[in-house]
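Structure data follow from run01.json (JSON, C-alpha atoms):
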```json
[["chain", "number", "residue", "atom", "x", "y", "z"],
["P", 1, "MET", "CA", 2.61, -11.62, -12.33],
["P", 2, "GLY", "CA", 0.08, -9.74, -14.44],
["P", 3, "SER", "CA", -0.05, -6.00, -14.83],
["P", 4, "LEU", "CA", -2.94, -5.54, -12.37],
["P", 5, "GLN", "CA", -1.24, -7.63, -9.70],
["P", 6, "GLN", "CA", 2.05, -5.80, -10.28],
["P", 7, "THR", "CA", 0.58, -2.32, -9.97],
["P", 8, "HIS", "CA", -1.48, -3.38, -6.94],
["P", 9, "ALA", "CA", 1.66, -4.68, -5.23],
["P", 10, "GLU", "CA", 3.50, -1.46, -6.04],
["P", 11, "ALA", "CA", 0.66, 0.71, -4.73],
["P", 12, "MET", "CA", 0.44, -1.30, -1.51],
["P", 13, "ALA", "CA", 4.20, -1.06, -1.04],
["P", 14, "LEU", "CA", 3.95, 2.71, -1.40],
["P", 15, "VAL", "CA", 1.17, 2.89, 1.19],
["P", 16, "ARG", "CA", 3.19, 0.78, 3.64],
["P", 17, "LEU", "CA", 6.05, 3.29, 3.47],
["P", 18, "HIS", "CA", 3.88, 5.79, 5.35],
["P", 19, "SER", "CA", 2.60, 5.86, 8.90],
["P", 20, "ASP", "CA", -1.10, 6.30, 9.66],
["P", 21, "GLU", "CA", -0.33, 9.89, 10.67],
["P", 22, "GLU", "CA", 1.41, 10.58, 7.36],
["P", 23, "LEU", "CA", -1.51, 9.12, 5.45],
["P", 24, "THR", "CA", -4.31, 10.87, 7.34],
["P", 25, "ALA", "CA", -2.93, 14.23, 8.47],
["P", 26, "LYS", "CA", -4.33, 17.09, 6.40],
["P", 27, "LYS", "CA", -1.74, 19.50, 4.99],
["P", 28, "LYS", "CA", 1.08, 17.11, 5.99],
["P", 29, "TYR", "CA", 2.66, 17.58, 2.58],
["P", 30, "PRO", "CA", 2.53, 20.99, 0.86],
["P", 31, "TRP", "CA", 1.62, 19.47, -2.52],
["P", 32, "THR", "CA", -1.56, 17.86, -1.13],
["P", 33, "GLY", "CA", -3.06, 21.25, -0.36],
["P", 34, "SER", "CA", -5.81, 21.04, 2.23],
["P", 35, "THR", "CA", -6.33, 17.27, 1.94],
["P", 36, "ASN", "CA", -4.41, 14.21, 3.11],
["P", 37, "LEU", "CA", -2.20, 11.70, 1.34],
["P", 38, "ALA", "CA", -4.76, 8.90, 1.74],
["P", 39, "SER", "CA", -7.27, 10.88, -0.33],
["P", 40, "TYR", "CA", -4.73, 11.25, -3.11],
["P", 41, "LEU", "CA", -3.92, 7.55, -3.01],
["P", 42, "ALA", "CA", -7.60, 6.62, -3.15],
["P", 43, "SER", "CA", -8.29, 8.98, -6.05],
["P", 44, "THR", "CA", -5.44, 7.51, -8.10],
["P", 45, "THR", "CA", -6.21, 3.86, -7.31],
["P", 46, "SER", "CA", -9.54, 2.44, -6.13],
["P", 47, "SER", "CA", -11.63, 5.44, -7.18],
["P", 48, "HIS", "CA", -10.64, 4.83, -10.79],
["P", 49, "TYR", "CA", -12.17, 1.35, -10.60],
["P", 50, "VAL", "CA", -15.42, 2.77, -9.21],
["P", 51, "TRP", "CA", -15.48, 5.38, -11.98],
["P", 52, "ALA", "CA", -14.78, 2.80, -14.71],
["P", 53, "ASN", "CA", -17.35, 0.38, -13.30],
["P", 54, "ASP", "CA", -20.00, 3.12, -13.39],
["P", 55, "LEU", "CA", -19.17, 3.90, -17.04],
["P", 56, "ILE", "CA", -19.38, 0.24, -18.01],
["P", 57, "ARG", "CA", -22.69, -0.18, -16.19],
["P", 58, "LYS", "CA", -24.17, 2.88, -17.95],
["P", 59, "PHE", "CA", -22.89, 1.67, -21.31],
["P", 60, "ARG", "CA", -24.39, -1.79, -20.83],
["P", 61, "LYS", "CA", -27.71, -0.27, -19.80],
["P", 62, "ARG", "CA", -27.73, 1.97, -22.87],
["P", 63, "ILE", "CA", -26.93, -0.99, -25.15],
["P", 64, "ALA", "CA", -29.68, -3.10, -23.55],
["P", 65, "ASN", "CA", -32.24, -0.34, -24.13],
["P", 66, "ARG", "CA", -31.62, -0.13, -27.89]]
```
Represent the structure from my file as structure tokens, please.
Amino acid sequence: MGSLQQTHAEAMALVRLHSDEELTAKKKYPWTGSTNLASYLASTTSSHYVWANDLIRKFRKRIANR
């Protein structure tokens, strides 16, 4: 299994350890502050792909305009 598949499987296993209430309740865990666990999970997983995709798209556009 490749690195991407491995980390995806690990992230999904972590999500499955929590109930919907644990994932979506704001202030459920003191370390999440005023947000919920799902927001933290999204920001450390799928949001990184959106961010990276945007950077790649901007880079390609800049290269094409040279």
Adding 3 Å on each side of the box along x, y and z that holds all listed atoms of region 45-60 of chain P, could you give its centre and edge lengths in Å to one decimal, as AutoDock Vina command-line options?
```
--center_x -15.3 --center_y 1.8 --center_z -13.7 --size_x 24.2 --size_y 13.2 --size_z 21.2
```
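Put simply, CA of Glu21 (chain P) is 10.0 Å away from CA of Ala38 (chain P).
The closest residue to Ala9 (chain P), picked from P:Asn36, P:Thr45, P:Asn65, P:Asn53 and counting all atoms listed in the file, is P:Thr45.
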Which neighbours of Ala11 (chain P) fall inside 10 Å, counting only C-alpha atoms, when residues of the same chain fewer than 4 positions from it are skipped, and could you give them as a PDB file with C-alpha atoms, in the coordinates of the input?
```pdb
ATOM      1  CA  GLN P   5      -1.240  -7.630  -9.700  1.00  0.00           C
ATOM      2  CA  GLN P   6       2.050  -5.800 -10.280  1.00  0.00           C
ATOM      3  CA  THR P   7       0.580  -2.320  -9.970  1.00  0.00           C
ATOM      4  CA  VAL P  15       1.170   2.890   1.190  1.00  0.00           C
ATOM      5  CA  ARG P  16       3.190   0.780   3.640  1.00  0.00           C
ATOM      6  CA  LEU P  41      -3.920   7.550  -3.010  1.00  0.00           C
ATOM      7  CA  THR P  44      -5.440   7.510  -8.100  1.00  0.00           C
ATOM      8  CA  THR P  45      -6.210   3.860  -7.310  1.00  0.00           C
TER       9      THR P  45
END
```
